[in-house]
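Here is run-v4.cif, consisting of mmCIF, C-alpha atoms:
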```
data_coords
loop_
_atom_site.group_PDB
_atom_site.id
_atom_site.type_symbol
_atom_site.label_atom_id
_atom_site.label_comp_id
_atom_site.auth_asym_id
_atom_site.auth_seq_id
_atom_site.Cartn_x
_atom_site.Cartn_y
_atom_site.Cartn_z
ATOM 1 C CA MET A 1 41.054 9.311 17.394
ATOM 2 C CA GLY A 2 37.446 9.448 16.254
ATOM 3 C CA LYS A 3 35.470 6.405 15.262
ATOM 4 C CA LYS A 4 35.807 5.271 11.706
ATOM 5 C CA LYS A 5 32.476 5.539 9.920
ATOM 6 C CA LYS A 6 31.039 2.312 8.608
ATOM 7 C CA ARG A 7 30.889 2.307 4.852
ATOM 8 C CA ALA A 8 27.357 2.011 3.505
ATOM 9 C CA ALA A 9 26.683 -1.319 1.837
ATOM 10 C CA LYS A 10 26.342 -1.144 -1.919
ATOM 11 C CA VAL A 11 23.402 -2.641 -3.739
ATOM 12 C CA PHE A 12 24.185 -5.716 -5.814
ATOM 13 C CA CYS A 13 22.737 -7.690 -8.696
ATOM 14 C CA TYR A 14 21.168 -10.983 -7.679
ATOM 15 C CA TYR A 15 22.021 -12.561 -11.021
ATOM 16 C CA CYS A 16 25.745 -11.755 -11.258
ATOM 17 C CA GLU A 17 26.760 -10.335 -7.817
ATOM 18 C CA ARG A 18 28.026 -7.111 -9.410
ATOM 19 C CA GLN A 19 27.803 -4.124 -7.035
ATOM 20 C CA PHE A 20 26.438 -0.656 -7.827
ATOM 21 C CA GLU A 21 26.281 2.743 -6.151
ATOM 22 C CA ASN A 22 22.484 2.943 -6.186
ATOM 23 C CA GLU A 23 19.440 0.938 -7.187
ATOM 24 C CA LYS A 24 18.640 3.081 -10.226
ATOM 25 C CA ILE A 25 21.927 2.051 -11.859
ATOM 26 C CA LEU A 26 21.293 -1.546 -10.769
ATOM 27 C CA VAL A 27 17.896 -1.611 -12.515
ATOM 28 C CA GLN A 28 19.473 -0.239 -15.709
ATOM 29 C CA HIS A 29 22.112 -2.975 -15.514
ATOM 30 C CA GLN A 30 19.507 -5.715 -15.073
ATOM 31 C CA GLU A 31 17.468 -4.478 -18.039
ATOM 32 C CA ALA A 32 20.560 -4.378 -20.274
ATOM 33 C CA LYS A 33 22.314 -7.589 -19.182
ATOM 34 C CA HIS A 34 19.654 -9.924 -17.810
ATOM 35 C CA PHE A 35 16.201 -8.839 -19.018
ATOM 36 C CA LYS A 36 16.909 -7.985 -22.668
ATOM 37 C CA CYS A 37 15.262 -9.968 -25.446
ATOM 38 C CA HIS A 38 17.934 -11.839 -27.412
ATOM 39 C CA VAL A 39 15.856 -11.600 -30.594
ATOM 40 C CA CYS A 40 14.796 -7.935 -30.845
ATOM 41 C CA ASN A 41 16.941 -6.449 -28.023
ATOM 42 C CA GLN A 42 13.912 -4.970 -26.256
ATOM 43 C CA LYS A 43 14.637 -4.310 -22.580
ATOM 44 C CA LEU A 44 12.107 -5.661 -20.094
ATOM 45 C CA SER A 45 11.699 -4.974 -16.368
ATOM 46 C CA THR A 46 11.911 -8.514 -14.946
ATOM 47 C CA ALA A 47 13.031 -11.988 -15.954
ATOM 48 C CA SER A 48 9.475 -13.310 -16.123
ATOM 49 C CA SER A 49 8.320 -10.421 -18.330
ATOM 50 C CA MET A 50 11.295 -11.086 -20.617
ATOM 51 C CA ALA A 51 10.392 -14.784 -20.863
ATOM 52 C CA ILE A 52 6.717 -13.956 -21.581
ATOM 53 C CA HIS A 53 7.731 -11.414 -24.245
ATOM 54 C CA VAL A 54 9.995 -13.901 -26.042
ATOM 55 C CA LEU A 55 7.310 -16.597 -25.924
ATOM 56 C CA GLU A 56 4.391 -14.439 -27.104
ATOM 57 C CA VAL A 57 6.207 -12.273 -29.646
ATOM 58 C CA HIS A 58 8.923 -14.581 -30.985
ATOM 59 C CA GLU A 59 7.383 -17.947 -30.080
ATOM 60 C CA GLU A 60 10.510 -19.146 -28.290
ATOM 61 C CA ALA A 61 10.808 -20.586 -24.770
ATOM 62 C CA VAL A 62 13.318 -19.042 -22.366
ATOM 63 C CA SER A 63 14.023 -20.896 -19.126
ATOM 64 C CA LYS A 64 17.267 -19.228 -18.033
ATOM 65 C CA VAL A 65 18.206 -15.623 -17.310
ATOM 66 C CA PRO A 66 21.043 -14.469 -19.591
ATOM 67 C CA ASN A 67 24.471 -13.796 -18.048
ATOM 68 C CA ALA A 68 23.443 -15.204 -14.642
ATOM 69 C CA ILE A 69 25.795 -17.160 -12.398
ATOM 70 C CA PRO A 70 25.058 -20.896 -11.846
ATOM 71 C CA GLY A 71 22.091 -21.456 -9.550
ATOM 72 C CA ARG A 72 20.493 -18.073 -10.279
ATOM 73 C CA GLU A 73 19.334 -18.511 -13.864
ATOM 74 C CA SER A 74 15.671 -19.198 -13.010
ATOM 75 C CA THR A 75 13.076 -16.924 -14.606
ATOM 76 C CA GLU A 76 10.510 -17.889 -11.949
ATOM 77 C CA ILE A 77 12.007 -15.705 -9.194
ATOM 78 C CA GLU A 78 10.654 -12.165 -9.497
ATOM 79 C CA ILE A 79 13.575 -9.762 -9.015
ATOM 80 C CA PHE A 80 13.470 -6.001 -9.602
ATOM 81 C CA GLY A 81 16.544 -4.154 -8.414
ATOM 82 C CA MET A 82 17.003 -5.359 -4.830
ATOM 83 C CA GLN A 83 13.351 -6.295 -4.434
ATOM 84 C CA GLY A 84 12.574 -10.001 -4.275
ATOM 85 C CA ILE A 85 16.052 -11.190 -3.296
ATOM 86 C CA PRO A 86 15.644 -14.061 -0.774
ATOM 87 C CA ASP A 87 16.759 -13.349 2.801
ATOM 88 C CA ASP A 88 19.374 -16.081 2.742
ATOM 89 C CA ILE A 89 21.013 -14.586 -0.370
ATOM 90 C CA LEU A 90 21.128 -11.189 1.343
ATOM 91 C CA ALA A 91 22.628 -12.828 4.417
ATOM 92 C CA ALA A 92 25.297 -14.607 2.399
ATOM 93 C CA HIS A 93 26.220 -11.423 0.516
ATOM 94 C CA TYR A 94 26.302 -8.944 3.403
ATOM 95 C CA GLY A 95 27.474 -11.292 6.149
ATOM 96 C CA GLU A 96 26.170 -11.763 9.691
ATOM 97 C CA GLY A 97 26.493 -8.050 10.484
ATOM 98 C CA GLU A 98 23.961 -6.824 7.932
ATOM 99 C CA GLN A 99 20.509 -8.172 7.111
ATOM 100 C CA ALA A 100 21.621 -11.660 8.147
ATOM 101 C CA ILE A 101 19.703 -14.475 9.772
ATOM 102 C CA SER A 102 21.803 -15.474 12.751
ATOM 103 C CA ARG A 103 22.587 -19.119 13.558
ATOM 104 C CA THR A 104 23.623 -20.338 16.999
ATOM 105 C CA LEU A 105 23.989 -23.682 18.757
ATOM 106 C CA ARG A 106 22.112 -24.550 21.929
ATOM 107 C CA SER A 107 21.501 -27.701 23.918
ATOM 108 C CA PHE A 108 17.750 -27.427 24.682
ATOM 109 C CA PRO A 109 15.055 -28.226 22.061
ATOM 110 C CA PRO A 110 12.652 -25.719 20.449
ATOM 111 C CA ALA A 111 9.596 -24.991 22.549
ATOM 112 C CA ASP A 112 6.824 -24.659 19.964
ATOM 113 C CA TYR A 113 7.067 -27.458 17.417
ATOM 114 C CA PHE A 114 9.269 -30.274 16.182
ATOM 115 C CA PHE A 115 8.994 -33.096 13.681
ATOM 116 C CA LYS A 116 11.090 -36.201 13.405
ATOM 117 C CA VAL A 117 12.449 -37.459 10.090
ATOM 118 C CA GLU A 118 13.136 -41.182 9.987
ATOM 119 C CA SER A 119 15.245 -43.015 7.385
ATOM 120 C CA VAL A 120 17.102 -39.844 6.439
ATOM 121 C CA SER A 121 19.501 -41.738 4.171
ATOM 122 C CA VAL A 122 16.546 -43.027 2.155
ATOM 123 C CA LEU A 123 14.949 -39.566 1.990
ATOM 124 C CA LEU A 124 18.138 -38.005 0.613
ATOM 125 C CA ASN A 125 18.154 -40.497 -2.254
ATOM 126 C CA THR A 126 14.571 -39.822 -3.326
ATOM 127 C CA ARG A 127 13.226 -37.136 -5.664
ATOM 128 C CA ILE A 128 11.277 -35.437 -2.876
ATOM 129 C CA GLU A 129 12.148 -31.778 -3.321
ATOM 130 C CA LYS A 130 10.158 -30.288 -0.434
ATOM 131 C CA TYR A 131 8.296 -31.466 2.641
ATOM 132 C CA GLU A 132 5.791 -29.273 4.515
ATOM 133 C CA SER A 133 5.096 -30.057 8.152
ATOM 134 C CA GLY A 134 1.684 -29.956 9.737
ATOM 135 C CA SER A 135 0.395 -26.585 10.942
ATOM 136 C CA PHE A 136 0.982 -25.410 14.502
ATOM 137 C CA GLU A 137 -0.331 -22.292 16.236
ATOM 138 C CA VAL A 138 1.782 -19.677 17.976
ATOM 139 C CA GLY A 139 0.729 -16.152 18.918
ATOM 140 C CA GLY A 140 -2.667 -16.541 17.285
ATOM 141 C CA TYR A 141 -1.229 -17.481 13.867
ATOM 142 C CA LYS A 142 -0.782 -20.813 12.107
ATOM 143 C CA TRP A 143 2.719 -21.793 10.987
ATOM 144 C CA ARG A 144 4.518 -24.687 9.301
ATOM 145 C CA LEU A 145 8.073 -25.720 8.511
ATOM 146 C CA CYS A 146 9.223 -26.264 4.929
ATOM 147 C CA LEU A 147 12.130 -28.684 4.574
ATOM 148 C CA TYR A 148 14.185 -29.164 1.411
ATOM 149 C CA PRO A 149 16.222 -32.347 2.161
ATOM 150 C CA ASN A 150 18.693 -31.787 -0.675
ATOM 151 C CA GLY A 151 18.541 -28.007 -0.659
ATOM 152 C CA LYS A 152 16.493 -25.374 -2.432
ATOM 153 C CA ASN A 153 18.418 -25.036 -5.679
ATOM 154 C CA LYS A 154 16.802 -21.742 -6.681
ATOM 155 C CA SER A 155 18.318 -20.123 -3.574
ATOM 156 C CA GLU A 156 21.787 -21.685 -3.790
ATOM 157 C CA GLY A 157 20.896 -24.440 -1.344
ATOM 158 C CA LYS A 158 22.475 -27.260 -3.329
ATOM 159 C CA GLY A 159 24.498 -29.587 -1.100
ATOM 160 C CA HIS A 160 22.676 -28.374 2.015
ATOM 161 C CA VAL A 161 19.488 -28.921 3.953
ATOM 162 C CA SER A 162 17.230 -25.874 3.445
ATOM 163 C CA LEU A 163 14.742 -24.989 6.186
ATOM 164 C CA TYR A 164 12.050 -22.276 6.181
ATOM 165 C CA LEU A 165 9.404 -21.058 8.604
ATOM 166 C CA GLU A 166 6.183 -20.258 6.748
ATOM 167 C CA ILE A 167 2.915 -18.720 7.899
ATOM 168 C CA SER A 168 0.174 -21.006 6.606
ATOM 169 C CA ASP A 169 -2.949 -18.924 7.206
ATOM 170 C CA THR A 170 -2.733 -15.490 5.550
ATOM 171 C CA GLU A 171 -6.377 -14.438 5.852
ATOM 172 C CA ASN A 172 -6.677 -11.078 7.648
ATOM 173 C CA LEU A 173 -2.977 -11.258 8.430
ATOM 174 C CA PRO A 174 -1.847 -8.218 10.493
ATOM 175 C CA LEU A 175 1.726 -7.244 11.339
ATOM 176 C CA GLY A 176 3.710 -10.119 12.823
ATOM 177 C CA TYR A 177 7.365 -10.884 13.366
ATOM 178 C CA ALA A 178 9.414 -13.987 13.936
ATOM 179 C CA ASP A 179 13.013 -15.303 13.952
ATOM 180 C CA SER A 180 15.931 -14.336 16.183
ATOM 181 C CA LYS A 181 15.900 -10.974 14.448
ATOM 182 C CA PRO A 182 12.501 -9.402 13.645
ATOM 183 C CA ARG A 183 11.154 -10.597 10.322
ATOM 184 C CA HIS A 184 8.009 -9.247 8.680
ATOM 185 C CA PHE A 185 5.371 -11.753 7.610
ATOM 186 C CA ASN A 186 2.420 -10.649 5.480
ATOM 187 C CA VAL A 187 0.252 -11.899 2.611
ATOM 188 C CA ILE A 188 3.129 -11.463 0.134
ATOM 189 C CA ASN A 189 6.092 -12.369 2.338
ATOM 190 C CA THR A 190 4.911 -15.593 3.974
ATOM 191 C CA ARG A 191 8.216 -17.332 4.706
ATOM 192 C CA CYS A 192 11.672 -16.805 6.107
ATOM 193 C CA GLY A 193 14.553 -19.221 6.441
ATOM 194 C CA ILE A 194 18.009 -20.369 5.380
ATOM 195 C CA ALA A 195 18.834 -22.118 2.103
ATOM 196 C CA GLN A 196 22.187 -23.331 3.470
ATOM 197 C CA PHE A 197 20.827 -24.307 6.871
ATOM 198 C CA LEU A 198 23.108 -27.329 7.294
ATOM 199 C CA SER A 199 25.491 -28.918 4.810
ATOM 200 C CA LEU A 200 24.768 -32.527 3.916
ATOM 201 C CA ASP A 201 28.324 -33.464 4.854
ATOM 202 C CA GLU A 202 27.813 -32.053 8.372
ATOM 203 C CA LEU A 203 24.459 -33.793 8.634
ATOM 204 C CA LYS A 204 25.911 -37.180 7.686
ATOM 205 C CA ASP A 205 29.011 -36.909 9.886
ATOM 206 C CA PRO A 206 28.272 -39.079 12.983
ATOM 207 C CA CYS A 207 30.642 -36.952 15.074
ATOM 208 C CA ASN A 208 28.232 -34.004 14.865
ATOM 209 C CA GLY A 209 25.338 -35.896 16.434
ATOM 210 C CA TYR A 210 22.629 -34.678 14.043
ATOM 211 C CA LEU A 211 21.726 -38.237 12.999
ATOM 212 C CA MET A 212 20.769 -40.898 15.537
ATOM 213 C CA ASP A 213 19.746 -44.282 14.138
ATOM 214 C CA ASP A 214 19.283 -42.584 10.749
ATOM 215 C CA CYS A 215 16.805 -40.122 12.304
ATOM 216 C CA CYS A 216 16.934 -36.343 12.583
ATOM 217 C CA ILE A 217 14.680 -33.881 14.421
ATOM 218 C CA PHE A 218 13.800 -30.395 13.138
ATOM 219 C CA GLY A 219 11.817 -27.830 15.077
ATOM 220 C CA ALA A 220 10.736 -24.229 15.518
ATOM 221 C CA GLU A 221 10.373 -21.683 18.265
ATOM 222 C CA VAL A 222 8.391 -18.595 17.265
ATOM 223 C CA PHE A 223 8.006 -15.264 19.038
ATOM 224 C CA VAL A 224 5.260 -12.945 17.796
ATOM 225 C CA ILE A 225 5.238 -9.208 18.493
ATOM 226 C CA LYS A 226 1.633 -8.065 18.458
ATOM 227 C CA TYR A 227 0.724 -4.458 17.758
ATOM 228 C CA SER A 228 -1.212 -2.968 20.673
ATOM 229 C CA GLY A 229 -0.793 0.782 20.072
ATOM 230 C CA LYS A 230 -3.213 3.334 18.646
ATOM 231 C CA GLY A 231 -3.584 4.330 15.029
ATOM 232 C CA GLU A 232 -5.748 6.220 12.610
ATOM 233 C CA CYS A 233 -7.186 5.948 9.121
ATOM 234 C CA LEU A 234 -7.280 8.629 6.421
ATOM 235 C CA SER A 235 -10.197 8.378 3.991
ATOM 236 C CA VAL A 236 -10.658 10.794 1.089
ATOM 237 C CA ILE A 237 -14.230 11.373 -0.146
ATOM 238 C CA LYS A 238 -15.004 12.977 -3.483
ATOM 239 C CA ASP A 239 -17.210 16.071 -3.500
ATOM 240 C CA PRO A 240 -20.730 15.642 -4.925
ATOM 241 C CA ALA A 241 -20.967 16.290 -8.661
ATOM 242 C CA ASP A 242 -21.415 20.042 -9.337
ATOM 243 C CA GLY A 243 -21.496 20.623 -5.582
ATOM 244 C CA THR A 244 -25.080 19.330 -5.512
ATOM 245 C CA PHE A 245 -26.636 16.495 -3.558
ATOM 246 C CA THR A 246 -30.093 15.316 -4.619
ATOM 247 C CA TRP A 247 -32.320 13.445 -2.209
ATOM 248 C CA GLU A 248 -35.525 11.939 -3.539
ATOM 249 C CA ILE A 249 -38.178 10.941 -0.989
ATOM 250 C CA GLU A 250 -40.848 8.634 -2.305
ATOM 251 C CA ASN A 251 -44.476 8.931 -1.065
ATOM 252 C CA PHE A 252 -43.597 12.027 0.935
ATOM 253 C CA SER A 253 -47.220 13.042 1.676
ATOM 254 C CA GLN A 254 -47.992 9.632 3.071
ATOM 255 C CA ARG A 255 -45.131 9.598 5.570
ATOM 256 C CA ASN A 256 -46.123 10.176 9.213
ATOM 257 C CA LEU A 257 -42.607 10.288 10.617
ATOM 258 C CA GLU A 258 -41.617 13.502 12.349
ATOM 259 C CA THR A 259 -38.022 13.411 11.041
ATOM 260 C CA ILE A 260 -36.487 11.747 7.986
ATOM 261 C CA TYR A 261 -32.696 11.571 7.490
ATOM 262 C CA SER A 262 -30.871 11.411 4.183
ATOM 263 C CA GLU A 263 -27.645 9.510 3.644
ATOM 264 C CA ILE A 264 -24.444 11.301 4.693
ATOM 265 C CA PHE A 265 -22.859 13.572 2.070
ATOM 266 C CA THR A 266 -19.987 16.067 2.000
ATOM 267 C CA VAL A 267 -19.789 19.640 0.674
ATOM 268 C CA LYS A 268 -17.038 22.229 0.887
ATOM 269 C CA GLU A 269 -19.208 25.107 2.131
ATOM 270 C CA GLU A 270 -22.533 25.478 3.948
ATOM 271 C CA VAL A 271 -25.437 25.860 1.522
ATOM 272 C CA ASP A 272 -29.197 26.498 1.627
ATOM 273 C CA PRO A 273 -31.519 23.526 1.203
ATOM 274 C CA ILE A 274 -33.569 23.762 -2.026
ATOM 275 C CA PRO A 275 -36.544 21.400 -2.183
ATOM 276 C CA GLN A 276 -37.788 20.384 -5.615
ATOM 277 C CA ARG A 277 -41.353 19.615 -6.646
ATOM 278 C CA LYS A 278 -42.725 18.239 -9.864
ATOM 279 C CA PRO A 279 -46.365 19.153 -10.553
ATOM 280 C CA GLU A 280 -48.150 16.976 -13.036
ATOM 281 C CA GLY A 281 -47.675 18.080 -16.625
ATOM 282 C CA LYS A 282 -45.307 20.919 -15.734
ATOM 283 C CA GLU A 283 -41.548 21.325 -15.873
ATOM 284 C CA GLN A 284 -39.764 20.631 -12.596
ATOM 285 C CA LYS A 285 -38.418 23.831 -10.991
ATOM 286 C CA PRO A 286 -36.395 24.365 -7.810
ATOM 287 C CA VAL A 287 -38.209 26.243 -5.041
ATOM 288 C CA PRO A 288 -35.823 28.032 -2.601
ATOM 289 C CA LEU A 289 -36.545 28.149 1.127
ATOM 290 C CA SER A 290 -35.447 30.913 3.476
ATOM 291 C CA ARG A 291 -33.055 29.873 6.226
ATOM 292 C CA ALA A 292 -34.056 30.287 9.871
ATOM 293 C CA GLY A 293 -31.947 32.777 11.835
#
```
Encoded form (structure tokens):
Amino acid sequence: MGKKKKRAAKVFCYYCERQFENEKILVQHQEAKHFKCHVCNQKLSTASSMAIHVLEVHEEAVSKVPNAIPGRESTEIEIFGMQGIPDDILAAHYGEGEQAISRTLRSFPPADYFFKVESVSVLLNTRIEKYESGSFEVGGYKWRLCLYPNGKNKSEGKGHVSLYLEISDTENLPLGYADSKPRHFNVINTRCGIAQFLSLDELKDPCNGYLMDDCCIFGAEVFVIKYSGKGECLSVIKDPADGTFTWEIENFSQRNLETIYSEIFTVKEEVDPIPQRKPEGKEQKPVPLSRAG
């Protein structure tokens, strides 16, 4: 018997988990069900554009996306089709086999960075939503860990500890990858992690060993793949206006240099040079020169 072909994963709506055959149909669904103005029924492209439209045109404030499941009503997350969906949501939807961030247990600590959280029980009862660690350098880049003690609610992290690896210095950021599976970090996509990293019940259970004397240690181990191959750059230059390049040399008669170079210019075909002179009181006329050879 031949191998059974794996069925291609369908695209899905972040706001309601409904699946579609392609992203074009998904975008139409989002515009009709989640991004439509409730006052004038105008369809917008994103949740934030819908909220701005309602505020500016109808002078009403919209803080929740219509018809969204609990935990995904925020208008602050920029979603368009499948674009903008957090990695952990993709992982939860598709499972460990597709686009997932893998999680494994090991006995030895992370090699690159760790930070210790003391008085965890006190921290969990505060209103501290997020804690950012100090920066550490790996592979020539600066990183930090972002910890949400009670979960990142916008990414369905409620009831869990949420943990993210974030690149903290994005200036002149080239291609870089991290995590157990390659993840792309750039100026726009600066973080990667898991909203449901560890449930609070598992964290608090003394049998699991995560808490010792009300302390817990988090850490990171980063591997960076640096690009060392060759590449090229394509640059398109516009032709000079009317196919003509004019070069004006000031104080020409006073120059003693044997050779003078103009700036670089581009033409489609080889042409004859035509110097121009402007006698006093007379109209300027081009004077053609014969070409050598």
Q.
Between atom CA of A:Ser199 and atom CA of A:Ser63, what distance in Å does the model show, to one decimal?
A. 27.7 Å
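Against this structure, the PyMOL selection byres ((chain A and resi 194) around 6) ends up with Asp88, Ser162, Leu163, Gly193, Ala195, Gln196 and Phe197 of chain A.
The closest residue to A:Val161, picked from A:Asp201, A:Thr126, A:Cys37, A:Arg72 and counting all atoms listed in the file, is A:Asp201.
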**Q.** Nearest to A:Lys24 by atom-to-atom distance, counting only C-alpha atoms, from A:Leu234, A:Met82, A:Val57, A:Cys192
**A.** A:Met82
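Within 6 Å of the point (19.2, -0.4, -6.9), counting only C-alpha atoms, the protein and nucleic acid residues come to Val11, Asn22, Glu23, Lys24, Leu26, Val27, Gly81 and Met82 of chain A.
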Q: One decimal, Å: what's the distance from atom CA of A:Gly134 over to atom CA of A:Arg191, could you say?
A: 15.1 Å
Complete stretch 143-152 of chain A with all heavy atoms (output as a PDB file, keeping the file's coordinate frame).
```pdb
ATOM      1  N   TRP A 143       1.424 -21.718  11.634  1.00  0.00           N
ATOM      2  CA  TRP A 143       2.719 -21.793  10.987  1.00  0.00           C
ATOM      3  C   TRP A 143       2.996 -23.209  10.518  1.00  0.00           C
ATOM      4  O   TRP A 143       2.336 -24.153  10.928  1.00  0.00           O
ATOM      5  CB  TRP A 143       3.831 -21.374  11.963  1.00  0.00           C
ATOM      6  CG  TRP A 143       3.591 -20.091  12.667  1.00  0.00           C
ATOM      7  CD1 TRP A 143       2.818 -19.880  13.775  1.00  0.00           C
ATOM      8  CD2 TRP A 143       4.112 -18.808  12.313  1.00  0.00           C
ATOM      9  NE1 TRP A 143       2.832 -18.559  14.143  1.00  0.00           N
ATOM     10  CE2 TRP A 143       3.620 -17.873  13.264  1.00  0.00           C
ATOM     11  CE3 TRP A 143       4.961 -18.355  11.295  1.00  0.00           C
ATOM     12  CZ2 TRP A 143       3.946 -16.528  13.223  1.00  0.00           C
ATOM     13  CZ3 TRP A 143       5.287 -17.003  11.249  1.00  0.00           C
ATOM     14  CH2 TRP A 143       4.777 -16.107  12.198  1.00  0.00           C
ATOM     15  N   ARG A 144       4.017 -23.368   9.676  1.00  0.00           N
ATOM     16  CA  ARG A 144       4.518 -24.687   9.301  1.00  0.00           C
ATOM     17  C   ARG A 144       5.983 -24.558   8.907  1.00  0.00           C
ATOM     18  O   ARG A 144       6.466 -23.458   8.592  1.00  0.00           O
ATOM     19  CB  ARG A 144       3.700 -25.297   8.162  1.00  0.00           C
ATOM     20  CG  ARG A 144       3.723 -24.519   6.869  1.00  0.00           C
ATOM     21  CD  ARG A 144       3.053 -25.285   5.745  1.00  0.00           C
ATOM     22  NE  ARG A 144       2.838 -24.433   4.587  1.00  0.00           N
ATOM     23  CZ  ARG A 144       1.642 -24.103   4.113  1.00  0.00           C
ATOM     24  NH1 ARG A 144       0.555 -24.554   4.700  1.00  0.00           N
ATOM     25  NH2 ARG A 144       1.531 -23.329   3.042  1.00  0.00           N
ATOM     26  N   LEU A 145       6.675 -25.675   8.938  1.00  0.00           N
ATOM     27  CA  LEU A 145       8.073 -25.720   8.511  1.00  0.00           C
ATOM     28  C   LEU A 145       8.154 -26.331   7.117  1.00  0.00           C
ATOM     29  O   LEU A 145       7.445 -27.290   6.809  1.00  0.00           O
ATOM     30  CB  LEU A 145       8.905 -26.554   9.485  1.00  0.00           C
ATOM     31  CG  LEU A 145       9.148 -25.931  10.860  1.00  0.00           C
ATOM     32  CD1 LEU A 145       9.859 -26.922  11.770  1.00  0.00           C
ATOM     33  CD2 LEU A 145       9.959 -24.652  10.745  1.00  0.00           C
ATOM     34  N   CYS A 146       9.001 -25.747   6.282  1.00  0.00           N
ATOM     35  CA  CYS A 146       9.223 -26.264   4.929  1.00  0.00           C
ATOM     36  C   CYS A 146      10.664 -26.768   4.846  1.00  0.00           C
ATOM     37  O   CYS A 146      11.608 -25.980   5.009  1.00  0.00           O
ATOM     38  CB  CYS A 146       8.978 -25.186   3.879  1.00  0.00           C
ATOM     39  SG  CYS A 146       7.261 -24.640   3.792  1.00  0.00           S
ATOM     40  N   LEU A 147      10.815 -28.055   4.601  1.00  0.00           N
ATOM     41  CA  LEU A 147      12.130 -28.684   4.574  1.00  0.00           C
ATOM     42  C   LEU A 147      12.472 -29.116   3.151  1.00  0.00           C
ATOM     43  O   LEU A 147      11.678 -29.791   2.484  1.00  0.00           O
ATOM     44  CB  LEU A 147      12.142 -29.905   5.505  1.00  0.00           C
ATOM     45  CG  LEU A 147      13.402 -30.765   5.486  1.00  0.00           C
ATOM     46  CD1 LEU A 147      14.569 -30.013   6.113  1.00  0.00           C
ATOM     47  CD2 LEU A 147      13.156 -32.081   6.221  1.00  0.00           C
ATOM     48  N   TYR A 148      13.638 -28.708   2.688  1.00  0.00           N
ATOM     49  CA  TYR A 148      14.185 -29.164   1.411  1.00  0.00           C
ATOM     50  C   TYR A 148      15.364 -30.087   1.741  1.00  0.00           C
ATOM     51  O   TYR A 148      16.461 -29.601   2.037  1.00  0.00           O
ATOM     52  CB  TYR A 148      14.653 -27.986   0.569  1.00  0.00           C
ATOM     53  CG  TYR A 148      13.555 -27.048   0.128  1.00  0.00           C
ATOM     54  CD1 TYR A 148      13.021 -26.107   1.005  1.00  0.00           C
ATOM     55  CD2 TYR A 148      13.056 -27.096  -1.172  1.00  0.00           C
ATOM     56  CE1 TYR A 148      12.018 -25.239   0.600  1.00  0.00           C
ATOM     57  CE2 TYR A 148      12.048 -26.225  -1.589  1.00  0.00           C
ATOM     58  CZ  TYR A 148      11.535 -25.301  -0.699  1.00  0.00           C
ATOM     59  OH  TYR A 148      10.538 -24.433  -1.095  1.00  0.00           O
ATOM     60  N   PRO A 149      15.178 -31.405   1.705  1.00  0.00           N
ATOM     61  CA  PRO A 149      16.222 -32.347   2.161  1.00  0.00           C
ATOM     62  C   PRO A 149      17.547 -32.192   1.420  1.00  0.00           C
ATOM     63  O   PRO A 149      18.617 -32.282   2.026  1.00  0.00           O
ATOM     64  CB  PRO A 149      15.594 -33.718   1.894  1.00  0.00           C
ATOM     65  CG  PRO A 149      14.125 -33.470   1.827  1.00  0.00           C
ATOM     66  CD  PRO A 149      13.962 -32.116   1.264  1.00  0.00           C
ATOM     67  N   ASN A 150      17.476 -31.940   0.121  1.00  0.00           N
ATOM     68  CA  ASN A 150      18.693 -31.787  -0.675  1.00  0.00           C
ATOM     69  C   ASN A 150      18.935 -30.343  -1.097  1.00  0.00           C
ATOM     70  O   ASN A 150      19.678 -30.085  -2.044  1.00  0.00           O
ATOM     71  CB  ASN A 150      18.625 -32.690  -1.913  1.00  0.00           C
ATOM     72  CG  ASN A 150      18.796 -34.152  -1.564  1.00  0.00           C
ATOM     73  OD1 ASN A 150      19.865 -34.584  -1.155  1.00  0.00           O
ATOM     74  ND2 ASN A 150      17.721 -34.920  -1.694  1.00  0.00           N
ATOM     75  N   GLY A 151      18.301 -29.420  -0.396  1.00  0.00           N
ATOM     76  CA  GLY A 151      18.541 -28.007  -0.659  1.00  0.00           C
ATOM     77  C   GLY A 151      17.581 -27.406  -1.664  1.00  0.00           C
ATOM     78  O   GLY A 151      17.100 -28.078  -2.572  1.00  0.00           O
ATOM     79  N   LYS A 152      17.309 -26.125  -1.482  1.00  0.00           N
ATOM     80  CA  LYS A 152      16.493 -25.374  -2.432  1.00  0.00           C
ATOM     81  C   LYS A 152      17.422 -24.793  -3.489  1.00  0.00           C
ATOM     82  O   LYS A 152      18.104 -23.793  -3.263  1.00  0.00           O
ATOM     83  CB  LYS A 152      15.726 -24.263  -1.716  1.00  0.00           C
ATOM     84  CG  LYS A 152      14.735 -23.535  -2.595  1.00  0.00           C
ATOM     85  CD  LYS A 152      14.008 -22.449  -1.813  1.00  0.00           C
ATOM     86  CE  LYS A 152      13.017 -21.718  -2.711  1.00  0.00           C
ATOM     87  NZ  LYS A 152      12.361 -20.603  -1.996  1.00  0.00           N
TER      88      LYS A 152
END
```
